[in-house]
$ cat entry_6.cif   # mmCIF, C-alpha atoms
data_start
#
loop_
_atom_site.label_atom_id
_atom_site.label_comp_id
_atom_site.auth_asym_id
_atom_site.auth_seq_id
_atom_site.Cartn_x
_atom_site.Cartn_y
_atom_site.Cartn_z
CA MET A 14 40.45 14.79 -94.15
CA LYS A 15 43.96 13.96 -93.09
CA THR A 16 44.79 17.68 -93.01
CA VAL A 17 41.73 18.45 -90.92
CA SER A 18 42.67 15.71 -88.47
CA ALA A 19 46.21 17.03 -88.21
CA ILE A 20 44.93 20.53 -87.48
CA ALA A 21 42.52 19.21 -84.90
CA ALA A 22 45.30 17.24 -83.24
CA ALA A 23 47.54 20.30 -83.22
CA LEU A 24 44.80 22.43 -81.69
CA ALA A 25 44.12 19.79 -79.05
CA ALA A 26 47.81 19.64 -78.19
CA MET A 27 47.96 23.42 -78.01
CA SER A 28 45.02 23.66 -75.65
CA ALA A 29 46.54 20.95 -73.47
CA PHE A 30 49.89 22.66 -73.08
CA ALA A 31 48.82 26.31 -72.95
CA HIS A 32 48.05 28.05 -69.72
CA HIS A 33 44.58 27.36 -68.40
CA SER A 34 42.28 27.51 -65.43
CA ASN A 35 42.70 24.86 -62.75
CA SER A 36 38.99 24.13 -63.04
CA ALA A 37 39.94 21.66 -65.80
CA PHE A 38 41.01 19.29 -62.99
CA ASP A 39 39.06 17.64 -60.20
CA PRO A 40 40.57 18.61 -56.83
CA ASP A 41 38.50 15.99 -55.00
CA LYS A 42 40.32 13.13 -56.70
CA VAL A 43 43.92 12.04 -56.43
CA VAL A 44 45.20 9.36 -58.80
CA VAL A 45 48.51 7.60 -58.15
CA LEU A 46 50.27 6.09 -61.17
CA LYS A 47 53.64 4.44 -61.65
CA GLY A 48 55.18 4.71 -65.08
CA THR A 49 58.19 5.43 -67.24
CA VAL A 50 59.17 8.96 -68.19
CA THR A 51 59.23 9.39 -71.95
CA GLU A 52 59.61 13.18 -71.90
CA TRP A 53 60.30 15.92 -69.32
CA ARG A 54 59.40 19.45 -70.33
CA TRP A 55 60.91 22.14 -68.11
CA THR A 56 58.75 24.92 -69.54
CA ASN A 57 56.71 27.90 -68.40
CA PRO A 58 54.06 28.39 -67.30
CA HIS A 59 53.89 24.70 -66.30
CA VAL A 60 56.22 21.76 -66.53
CA TRP A 61 55.04 18.50 -68.09
CA ILE A 62 55.87 14.88 -67.45
CA ILE A 63 54.94 12.55 -70.27
CA LEU A 64 54.50 9.16 -68.66
CA SER A 65 54.08 5.75 -70.24
CA VAL A 66 51.97 3.53 -67.98
CA ASP A 67 51.56 -0.19 -68.38
CA ASP A 68 47.80 -0.84 -68.43
CA GLY A 69 48.25 -4.47 -67.35
CA ASN A 70 46.90 -5.84 -70.63
CA GLY A 71 50.10 -5.79 -72.61
CA SER A 72 49.77 -2.24 -73.85
CA LYS A 73 50.82 1.20 -72.67
CA THR A 74 48.84 4.35 -72.00
CA VAL A 75 50.42 7.77 -72.37
CA TRP A 76 49.62 10.25 -69.59
CA GLU A 77 50.44 13.96 -69.77
CA ILE A 78 50.93 15.21 -66.23
CA GLU A 79 51.27 18.89 -65.56
CA GLY A 80 53.22 20.51 -62.72
CA ARG A 81 53.78 23.97 -61.34
CA PRO A 82 56.11 26.53 -62.94
CA PRO A 83 59.90 25.99 -63.05
CA GLY A 84 60.45 28.91 -60.64
CA ILE A 85 58.33 27.35 -57.90
CA LEU A 86 59.74 23.88 -58.51
CA ALA A 87 63.37 25.06 -58.55
CA ARG A 88 62.82 26.42 -55.05
CA ASN A 89 61.55 22.98 -54.04
CA GLY A 90 64.54 20.98 -55.21
CA TRP A 91 63.44 20.23 -58.79
CA SER A 92 65.57 21.03 -61.83
CA LYS A 93 65.73 20.73 -65.58
CA ASN A 94 67.65 17.48 -64.95
CA THR A 95 65.28 15.94 -62.41
CA PHE A 96 64.11 13.28 -64.87
CA LYS A 97 65.57 11.58 -67.87
CA GLN A 98 63.94 9.36 -70.42
CA GLY A 99 63.41 5.89 -69.00
CA ASP A 100 63.18 6.90 -65.32
CA VAL A 101 60.51 4.99 -63.41
CA ILE A 102 58.54 7.33 -61.14
CA THR A 103 55.28 7.46 -59.22
CA VAL A 104 53.07 10.52 -59.63
CA ASP A 105 50.15 11.71 -57.49
CA PHE A 106 47.82 13.96 -59.46
CA SER A 107 44.32 15.37 -59.83
CA PRO A 108 42.82 13.98 -63.05
CA ALA A 109 41.15 16.07 -65.73
CA ARG A 110 37.38 16.38 -65.39
CA ASP A 111 36.90 15.46 -69.05
CA GLY A 112 38.38 12.00 -68.58
CA SER A 113 41.37 12.61 -70.83
CA HIS A 114 44.71 11.12 -69.83
CA THR A 115 45.96 14.35 -68.28
CA GLY A 116 46.30 15.60 -64.73
CA LEU A 117 47.83 18.14 -62.40
CA SER A 118 50.51 16.66 -60.16
CA SER A 119 50.86 17.21 -56.43
CA ARG A 120 54.01 15.18 -55.83
CA VAL A 121 56.38 12.79 -57.48
CA THR A 122 58.24 9.86 -55.91
CA LEU A 123 61.48 8.84 -57.56
CA ALA A 124 62.71 5.25 -57.84
CA ASP A 125 65.06 5.78 -54.85
CA GLY A 126 62.14 6.95 -52.68
CA THR A 127 62.90 10.68 -52.89
CA VAL A 128 59.65 12.68 -52.69
CA LEU A 129 59.38 15.94 -54.63
CA THR A 130 56.64 18.37 -53.65
CA GLN A 131 55.54 21.69 -55.05
CA ALA A 132 54.93 24.09 -52.16
CA THR A 133 55.89 27.74 -52.30
CA PRO A 134 58.76 28.57 -49.90
CA GLN A 135 57.83 30.50 -46.80
CA MET B 6 87.57 80.14 -20.75
CA SER B 7 87.07 78.76 -17.27
CA LYS B 8 87.11 75.06 -16.63
CA THR B 9 83.40 75.16 -15.72
CA THR B 10 82.49 76.92 -18.95
CA ALA B 11 84.54 74.47 -20.94
CA LEU B 12 82.81 71.51 -19.27
CA PHE B 13 79.41 73.16 -19.86
CA GLY B 14 80.30 73.63 -23.48
CA LEU B 15 81.41 70.02 -23.73
CA ALA B 16 78.17 68.90 -22.12
CA LEU B 17 76.14 70.98 -24.59
CA GLY B 18 78.15 69.55 -27.41
CA GLY B 19 77.47 66.08 -26.10
CA LEU B 20 73.77 66.78 -25.90
CA ALA B 21 73.83 68.02 -29.47
CA SER B 22 75.56 64.82 -30.54
CA VAL B 23 72.99 62.73 -28.72
CA ALA B 24 70.24 64.77 -30.35
CA THR B 25 71.82 64.23 -33.77
CA LEU B 26 72.18 60.50 -33.17
CA THR B 27 68.57 60.25 -31.98
CA LEU B 28 67.32 62.13 -35.03
CA GLY B 29 69.36 59.83 -37.22
CA ALA B 30 67.86 56.76 -35.59
CA GLN B 31 64.36 58.18 -36.03
CA GLN B 32 65.00 58.90 -39.68
CA THR B 33 66.19 55.35 -40.19
CA ALA B 34 63.15 53.98 -38.39
CA ALA B 35 60.82 56.27 -40.31
CA ARG B 36 62.11 55.22 -43.74
CA PRO B 37 62.52 51.46 -43.71
CA ASP B 38 64.07 49.83 -46.74
CA PHE B 39 61.67 47.34 -48.31
CA THR B 40 64.25 46.16 -50.88
CA GLY B 41 64.29 42.38 -51.11
CA VAL B 42 62.49 39.24 -52.31
CA TYR B 43 59.32 38.24 -50.47
CA TYR B 44 56.85 35.37 -50.43
CA PRO B 45 53.29 35.61 -49.13
CA PHE B 46 52.28 33.68 -46.05
CA ASN B 47 49.33 33.49 -43.71
CA PRO B 48 50.43 34.64 -40.24
CA ASP B 49 47.29 33.06 -38.73
CA ALA B 50 47.88 29.60 -40.20
CA GLY B 51 49.14 26.76 -38.05
CA PRO B 52 52.23 24.71 -38.83
CA ALA B 53 52.28 23.11 -42.26
CA PRO B 54 51.23 19.44 -42.37
CA SER B 55 54.08 16.97 -42.63
CA ARG B 56 54.96 15.80 -46.13
CA GLY B 57 56.01 12.49 -47.51
CA ALA B 58 54.03 9.48 -46.41
CA GLY B 59 50.28 9.52 -46.07
CA THR B 60 47.65 11.31 -48.10
CA PRO B 61 49.09 14.11 -50.19
CA PRO B 62 47.54 17.57 -49.96
CA ARG B 63 44.96 18.54 -52.53
CA PRO B 64 47.02 19.80 -55.42
CA VAL B 65 44.50 22.07 -57.10
CA ALA B 66 42.94 25.28 -55.85
CA VAL B 67 39.91 25.68 -58.08
CA ILE B 68 38.39 29.14 -58.22
CA ASP B 69 35.29 28.73 -60.32
CA GLY B 70 32.48 29.74 -57.96
CA ARG B 71 30.90 26.30 -57.62
CA ALA B 72 31.12 26.73 -53.82
CA GLY B 73 29.21 30.00 -54.05
CA ARG B 74 30.38 33.46 -53.13
CA PRO B 75 32.42 33.52 -49.90
CA ALA B 76 31.40 35.87 -47.09
CA THR B 77 34.76 37.61 -47.40
CA ALA B 78 34.24 38.46 -51.08
CA PRO B 79 33.74 42.08 -52.15
CA LYS B 80 30.17 43.34 -51.69
CA LEU B 81 29.10 43.97 -55.27
CA ALA B 82 26.32 46.21 -56.55
CA PRO B 83 23.59 44.20 -58.36
CA GLU B 84 24.86 44.99 -61.87
CA TYR B 85 28.31 43.69 -60.97
CA LEU B 86 26.97 40.70 -59.07
CA ALA B 87 25.20 39.72 -62.29
CA LYS B 88 28.53 39.97 -64.12
CA TRP B 89 30.10 37.70 -61.50
CA ASP B 90 27.30 35.19 -61.91
CA ALA B 91 27.86 35.04 -65.67
CA MET B 92 31.59 34.58 -65.07
CA ARG B 93 30.88 31.80 -62.60
CA GLU B 94 28.68 29.92 -65.06
CA SER B 95 31.39 30.16 -67.69
CA ARG B 96 34.18 29.04 -65.36
CA MET B 97 32.16 26.09 -64.10
CA ALA B 98 31.67 25.05 -67.73
CA GLY B 99 35.46 24.89 -68.00
CA ASN B 100 36.06 28.18 -69.81
CA SER B 101 39.05 30.32 -68.94
CA GLU B 102 38.35 33.62 -70.69
CA SER B 103 37.71 35.44 -67.39
CA ASP B 104 40.77 34.04 -65.61
CA PRO B 105 43.77 36.36 -66.03
CA ASN B 106 46.23 33.65 -64.94
CA ALA B 107 44.89 31.25 -67.53
CA ASN B 108 45.54 33.89 -70.18
CA CYS B 109 49.07 34.78 -69.05
CA LEU B 110 47.84 38.20 -67.95
CA SER B 111 48.51 40.28 -64.88
CA ALA B 112 45.71 40.06 -62.34
CA GLY B 113 45.94 43.85 -62.06
CA MET B 114 45.59 45.86 -58.89
CA PRO B 115 44.71 44.92 -56.23
CA GLY B 116 44.59 41.18 -57.07
CA MET B 117 48.19 41.12 -58.30
CA MET B 118 49.37 41.80 -54.74
CA SER B 119 48.60 38.16 -53.90
CA MET B 120 52.10 37.67 -55.40
CA GLY B 121 51.65 33.91 -55.13
CA TYR B 122 55.04 33.07 -56.68
CA GLY B 123 56.99 35.78 -54.86
CA MET B 124 57.84 39.41 -55.52
CA GLU B 125 60.98 41.51 -55.61
CA LEU B 126 60.98 45.09 -54.32
CA GLN B 127 63.63 47.63 -55.22
CA GLN B 128 63.47 50.86 -53.24
CA THR B 129 65.11 54.21 -53.90
CA ALA B 130 64.29 57.61 -52.42
CA ASP B 131 62.03 58.45 -55.36
CA LYS B 132 60.46 55.13 -56.33
CA ILE B 133 59.65 51.58 -55.36
CA THR B 134 59.66 49.08 -58.19
CA MET B 135 57.89 45.74 -57.78
CA TYR B 136 58.35 42.64 -59.89
CA GLY B 137 56.06 39.66 -59.39
CA GLU B 138 57.12 36.26 -60.73
CA LEU B 139 53.60 35.08 -61.54
CA ASN B 140 53.02 36.37 -65.06
CA ASP B 141 56.07 38.64 -64.85
CA VAL B 142 54.04 41.54 -63.44
CA TYR B 143 55.60 44.95 -62.96
CA ARG B 144 54.52 47.85 -60.81
CA ARG B 145 55.98 51.21 -59.73
CA ILE B 146 55.11 53.43 -56.78
CA PHE B 147 56.34 56.98 -57.32
CA LEU B 148 57.54 58.72 -54.14
CA ASP B 149 58.77 62.00 -55.65
CA GLY B 150 55.52 63.90 -55.34
CA ARG B 151 54.31 63.48 -58.90
CA VAL B 152 50.64 62.97 -59.61
CA PRO B 153 49.02 61.17 -62.55
CA THR B 154 48.51 63.35 -65.61
CA GLN B 155 45.29 63.39 -67.60
CA ARG B 156 47.02 61.31 -70.26
CA THR B 157 47.78 58.68 -67.59
CA LEU B 158 44.21 58.71 -66.34
CA ASP B 159 42.99 58.24 -69.92
CA ASP B 160 45.28 55.22 -70.40
CA PRO B 161 44.50 52.69 -67.66
CA THR B 162 46.84 49.74 -67.12
CA PHE B 163 46.75 46.45 -65.22
CA ALA B 164 48.92 47.73 -62.36
CA GLY B 165 47.43 51.22 -62.49
CA TYR B 166 49.33 54.34 -61.53
CA SER B 167 50.63 54.45 -57.95
CA VAL B 168 51.95 57.37 -55.93
CA GLY B 169 53.03 57.10 -52.30
CA HIS B 170 54.36 59.01 -49.33
CA TRP B 171 55.71 58.07 -45.93
CA GLU B 172 53.75 58.45 -42.70
CA GLY B 173 56.31 57.47 -40.08
CA ASP B 174 57.36 53.90 -40.85
CA THR B 175 54.36 53.30 -43.10
CA LEU B 176 54.23 53.78 -46.86
CA VAL B 177 50.84 55.16 -47.87
CA VAL B 178 49.96 54.49 -51.52
CA ASN B 179 47.10 55.51 -53.79
CA THR B 180 46.55 53.75 -57.11
CA VAL B 181 44.27 54.90 -59.92
CA ALA B 182 43.92 54.33 -63.69
CA ILE B 183 43.33 50.56 -63.34
CA ARG B 184 41.94 48.72 -66.37
CA GLU B 185 38.23 48.03 -66.05
CA ASP B 186 38.64 44.43 -67.26
CA THR B 187 40.80 43.30 -64.33
CA LEU B 188 39.35 41.58 -61.27
CA LEU B 189 39.33 42.76 -57.66
CA ASP B 190 40.15 39.40 -56.08
CA LEU B 191 40.75 37.27 -59.19
CA PHE B 192 36.99 36.80 -59.46
CA SER B 193 35.06 40.05 -58.77
CA PRO B 194 34.52 42.66 -61.48
CA HIS B 195 34.86 46.39 -60.90
CA SER B 196 34.25 49.66 -62.73
CA ASP B 197 36.51 52.35 -64.19
CA GLN B 198 36.19 54.21 -60.91
CA LEU B 199 38.24 51.72 -58.89
CA SER B 200 41.02 53.12 -56.74
CA VAL B 201 43.19 51.29 -54.23
CA GLN B 202 44.67 52.67 -51.04
CA GLU B 203 47.49 50.80 -49.32
CA ARG B 204 49.39 51.05 -46.06
CA ILE B 205 52.63 49.07 -46.26
CA ARG B 206 54.98 48.55 -43.30
CA PHE B 207 57.19 46.07 -41.49
CA THR B 208 55.28 44.51 -38.59
CA ALA B 209 58.37 42.54 -37.47
CA PRO B 210 61.88 42.16 -38.87
CA GLY B 211 61.48 40.80 -42.40
CA VAL B 212 57.66 40.64 -42.19
CA LEU B 213 55.97 43.04 -44.58
CA GLU B 214 52.28 43.85 -44.31
CA ASP B 215 50.14 45.48 -47.00
CA ARG B 216 46.67 46.67 -45.97
CA LEU B 217 44.73 47.24 -49.17
CA THR B 218 41.41 49.02 -49.42
CA ALA B 219 39.62 49.07 -52.76
CA THR B 220 36.96 51.71 -53.29
CA ASP B 221 34.63 51.82 -56.25
CA PRO B 222 31.45 53.92 -56.01
CA LYS B 223 29.84 52.12 -58.96
CA ALA B 224 30.70 48.45 -58.33
CA LEU B 225 31.21 48.18 -54.57
CA LEU B 226 28.53 48.62 -51.90
CA GLU B 227 31.31 49.14 -49.37
CA PRO B 228 35.13 49.37 -49.50
CA PHE B 229 36.84 46.00 -49.93
CA THR B 230 39.75 45.49 -47.56
CA GLN B 231 42.46 42.83 -47.63
CA VAL B 232 45.59 42.32 -45.54
CA ARG B 233 48.51 40.67 -47.34
CA THR B 234 51.55 39.50 -45.39
CA TYR B 235 54.91 38.59 -46.89
CA ARG B 236 58.12 37.17 -45.47
CA LYS B 237 61.52 38.29 -46.71
CA ALA B 238 63.44 35.47 -48.35
CA SER B 239 66.91 34.25 -47.52
CA PRO B 240 69.37 32.60 -49.93
CA PRO B 241 68.86 30.57 -52.06
CA ASN B 242 65.18 31.53 -52.26
CA ASP B 243 65.96 35.21 -52.77
CA GLU B 244 66.27 34.68 -56.52
CA LEU B 245 63.10 34.81 -58.54
CA ARG B 246 62.95 33.19 -61.96
CA GLU B 247 61.54 34.54 -65.20
CA PHE B 248 58.03 33.32 -65.93
CA SER B 249 57.64 33.92 -69.68
CA CYS B 250 54.12 32.53 -69.70
CA ALA B 251 53.73 32.67 -73.48
CA GLU B 252 56.32 29.87 -73.74
CA GLY B 253 53.44 27.50 -73.06
CA LEU B 254 51.74 28.64 -76.24
CA LEU B 255 54.71 27.43 -78.25
CA SER B 256 54.79 23.96 -76.72
CA VAL B 257 52.83 22.37 -79.53
CA LYS B 258 54.08 18.92 -80.32
#

$ encode --input "entry_6.cif" --output "structure tokens"
Amino acid sequence: MKTVSAIAAALAAMSAFAHHSNSAFDPDKVVVLKGTVTEWRWTNPHVWIILSVDDGNGSKTVWEIEGRPPGILARNGWSKNTFKQGDVITVDFSPARDGSHTGLSSRVTLADGTVLTQATPQ
Amino acid sequence: MSKTTALFGLALGGLASVATLTLGAQQTAARPDFTGVYYPFNPDAGPAPSRGAGTPPRPVAVIDGRAGRPATAPKLAPEYLAKWDAMRESRMAGNSESDPNANCLSAGMPGMMSMGYGMELQQTADKITMYGELNDVYRRIFLDGRVPTQRTLDDPTFAGYSVGHWEGDTLVVNTVAIREDTLLDLFSPHSDQLSVQERIRFTAPGVLEDRLTATDPKALLEPFTQVRTYRKASPPNDELREFSCAEGLLSVK
């Protein structure tokens, strides 16, 4: 049973981080959360911010927030070194339709007030 | 040689030089160099909304058909409209099997010319090579007069097989041998008889326009036309980055 659970968890993780259709997210909703970065993945085809958010009841919730590809973000001032573990940031994102703690970010505000967006250069 | 004759000769020589210069200028104008990095833009759009404070823009562009079929979509024959409807149902249920981007695949011609993450063009006398950052797509337009062989026609690809020629300052391109399982506009199916005609030119310095017409006697009730416009990038945005989409498949914790 333990093996089956491990495989299921691995598959779930794989589906979360693989490329996918944007229909997994609800574009009519924008959630704003402040939390602490526990991991920053500068990977194709999407970057990921793993965010630990205080739920106000003494425990933490882990959110996996997706962003656009490194190429797009690099042209918008982001880099592989934009975040480090322990940074406190605020993220605006569209939440997943299935209610899981995932989302697709639209912008990030750093502790010093710097706003990072994700538009394509024109 | 009299002085008059010499002056006449000089004048003729001058005329010849002018004629040569004019011809040279025409040749330059007739064969523009498209080499460079470009990003798509909408020339009809107003100024971008200000960023920072206030409500952020919607981050997600969902293409799953829940809003119906837009009036600008290709006019599909009934058999292909039924295929679209099945695709729509699947996408709305959250499935991604019909979305090339979700599967790290090229959108194929003509959809790949959206070039949402930028494209790089390299032009020589005989060939234009295109690289698109989104999904690392690759396309060639042969300008040396070759035509697709039967073996090429029997082996369709995502980008298809493109040959082009110049008509004044406009590159005229015809593309055939496009895989049947690609999508016309990222959402509309087509048949094995799809071909794409393009007219590509500069409409202003650094502004490249591609007028694409897709014809498909089996799937389309009428030709499907799109106009794509791109702006040439300046440093530092003239460097595209590798996409390597499959990297995401390895990101298992």

$ residues_around --input "entry_6.cif" --residues "B:Glu244" --least-positions-apart "6" --cutoff "12 Å" --atoms "all atoms listed in the file" --output "PyMOL selection string"
(chain A and resi 84-85+87-88+134) or (chain B and resi 41-44+122-126+136-138+237-238)

$ resolve_selection --input "entry_6.cif" --expression "the PyMOL selection byres ((chain B and resi 145-150) around 10)" --output "ChimeraX atom specification"
/B:126-136,143-144,151-153,164-171,176-180

$ closest_residue --input "entry_6.cif" --among "B:Met120, B:Leu86, B:Met97, B:Met114" --to "chain A" --atoms "only C-alpha atoms"
B:Met97

$ resolve_selection --input "entry_6.cif" --expression "the PyMOL selection byres ((chain B and resi 47) around 9)" --output "mmCIF file with C-alpha atoms, keeping the file's coordinate frame"
data_model
loop_
_atom_site.group_PDB
_atom_site.id
_atom_site.type_symbol
_atom_site.label_atom_id
_atom_site.label_comp_id
_atom_site.auth_asym_id
_atom_site.auth_seq_id
_atom_site.Cartn_x
_atom_site.Cartn_y
_atom_site.Cartn_z
ATOM 1 C CA PRO B 45 53.290 35.610 -49.130
ATOM 2 C CA PHE B 46 52.280 33.680 -46.050
ATOM 3 C CA PRO B 48 50.430 34.640 -40.240
ATOM 4 C CA ASP B 49 47.290 33.060 -38.730
ATOM 5 C CA ALA B 50 47.880 29.600 -40.200
ATOM 6 C CA GLY B 51 49.140 26.760 -38.050
ATOM 7 C CA ARG B 233 48.510 40.670 -47.340
ATOM 8 C CA THR B 234 51.550 39.500 -45.390
ATOM 9 C CA TYR B 235 54.910 38.590 -46.890
#

$ closest_residue --input "entry_6.cif" --among "A:Trp55, A:Phe96, A:Trp91, A:Phe38" --to "chain B" --atoms "only C-alpha atoms"
A:Phe38

$ closest_residue --input "entry_6.cif" --among "B:Gly121, B:Pro37, B:Pro240, B:Pro83" --to "B:Leu226" --atoms "all atoms listed in the file"
B:Pro83

$ closest_residue --input "entry_6.cif" --among "A:Ile102, A:Leu46, A:Ala109, A:Val128" --to "chain B" --atoms "all atoms listed in the file"
A:Val128

$ closest_residue --input "entry_6.cif" --among "A:Val44, A:Val101, A:Ile63, A:Ala37" --to "chain B" --atoms "only C-alpha atoms"
A:Ala37

$ resolve_selection --input "entry_6.cif" --expression "the PyMOL selection byres ((chain A and resi 131) around 10)" --output "PyMOL selection string"
(chain A and resi 80-82+85-91+118-121+129-130+132-134) or (chain B and resi 64)

$ residues_around --input "entry_6.cif" --residues "A:Lys47" --least-positions-apart "3" --cutoff "7 Å" --atoms "only C-alpha atoms" --output "mmCIF file with C-alpha atoms, keeping the file's coordinate frame"
data_model
loop_
_atom_site.group_PDB
_atom_site.id
_atom_site.type_symbol
_atom_site.label_atom_id
_atom_site.label_comp_id
_atom_site.auth_asym_id
_atom_site.auth_seq_id
_atom_site.Cartn_x
_atom_site.Cartn_y
_atom_site.Cartn_z
ATOM 1 C CA VAL A 66 51.970 3.530 -67.980
ATOM 2 C CA ILE A 102 58.540 7.330 -61.140
ATOM 3 C CA THR A 103 55.280 7.460 -59.220
ATOM 4 C CA VAL A 104 53.070 10.520 -59.630
#

$ atom_distance --input "entry_6.cif" --atom1 "atom CA of B:Ala112" --atom2 "atom CA of B:Asp141"
10.8 Å

$ atom_distance --input "entry_6.cif" --atom1 "atom CA of B:Asn108" --atom2 "atom CA of B:Asn140"
9.4 Å

$ closest_residue --input "entry_6.cif" --among "B:Tyr85, B:Ile183, B:Gln155, B:Ala78" --to "B:Pro115" --atoms "all atoms listed in the file"
B:Ile183

$ atom_distance --input "entry_6.cif" --atom1 "atom CA of B:Thr77" --atom2 "atom CA of A:Pro58"
29.2 Å

$ residues_around --input "entry_6.cif" --residues "B:Arg74" --least-positions-apart "6" --cutoff "12 Å" --atoms "all atoms listed in the file" --output "ChimeraX atom specification"
/B:68,80-81,86,89-90,93,190,192-193

$ write_last_selection --input "entry_6.cif" --atoms "C-alpha atoms" --output "PDB file, in the frame of the given file"
ATOM      1  CA  ILE B  68      38.390  29.140 -58.220  1.00  0.00           C
ATOM      2  CA  LYS B  80      30.170  43.340 -51.690  1.00  0.00           C
ATOM      3  CA  LEU B  81      29.100  43.970 -55.270  1.00  0.00           C
ATOM      4  CA  LEU B  86      26.970  40.700 -59.070  1.00  0.00           C
ATOM      5  CA  TRP B  89      30.100  37.700 -61.500  1.00  0.00           C
ATOM      6  CA  ASP B  90      27.300  35.190 -61.910  1.00  0.00           C
ATOM      7  CA  ARG B  93      30.880  31.800 -62.600  1.00  0.00           C
ATOM      8  CA  ASP B 190      40.150  39.400 -56.080  1.00  0.00           C
ATOM      9  CA  PHE B 192      36.990  36.800 -59.460  1.00  0.00           C
ATOM     10  CA  SER B 193      35.060  40.050 -58.770  1.00  0.00           C
TER      11      SER B 193
END

$ residues_around --input "entry_6.cif" --residues "A:Pro108" --least-positions-apart "4" --cutoff "9 Å" --atoms "all atoms listed in the file" --output "PDB file with C-alpha atoms, keeping the file's coordinate frame"
ATOM      1  CA  ALA A  37      39.940  21.660 -65.800  1.00  0.00           C
ATOM      2  CA  PHE A  38      41.010  19.290 -62.990  1.00  0.00           C
ATOM      3  CA  ASP A  39      39.060  17.640 -60.200  1.00  0.00           C
ATOM      4  CA  PRO A  40      40.570  18.610 -56.830  1.00  0.00           C
ATOM      5  CA  LYS A  42      40.320  13.130 -56.700  1.00  0.00           C
ATOM      6  CA  VAL A  43      43.920  12.040 -56.430  1.00  0.00           C
ATOM      7  CA  VAL A  44      45.200   9.360 -58.800  1.00  0.00           C
ATOM      8  CA  ILE A  78      50.930  15.210 -66.230  1.00  0.00           C
ATOM      9  CA  GLY A 112      38.380  12.000 -68.580  1.00  0.00           C
ATOM     10  CA  SER A 113      41.370  12.610 -70.830  1.00  0.00           C
ATOM     11  CA  HIS A 114      44.710  11.120 -69.830  1.00  0.00           C
ATOM     12  CA  THR A 115      45.960  14.350 -68.280  1.00  0.00           C
ATOM     13  CA  GLY A 116      46.300  15.600 -64.730  1.00  0.00           C
ATOM     14  CA  LEU A 117      47.830  18.140 -62.400  1.00  0.00           C
ATOM     15  CA  SER A 118      50.510  16.660 -60.160  1.00  0.00           C
TER      16      SER A 118
END
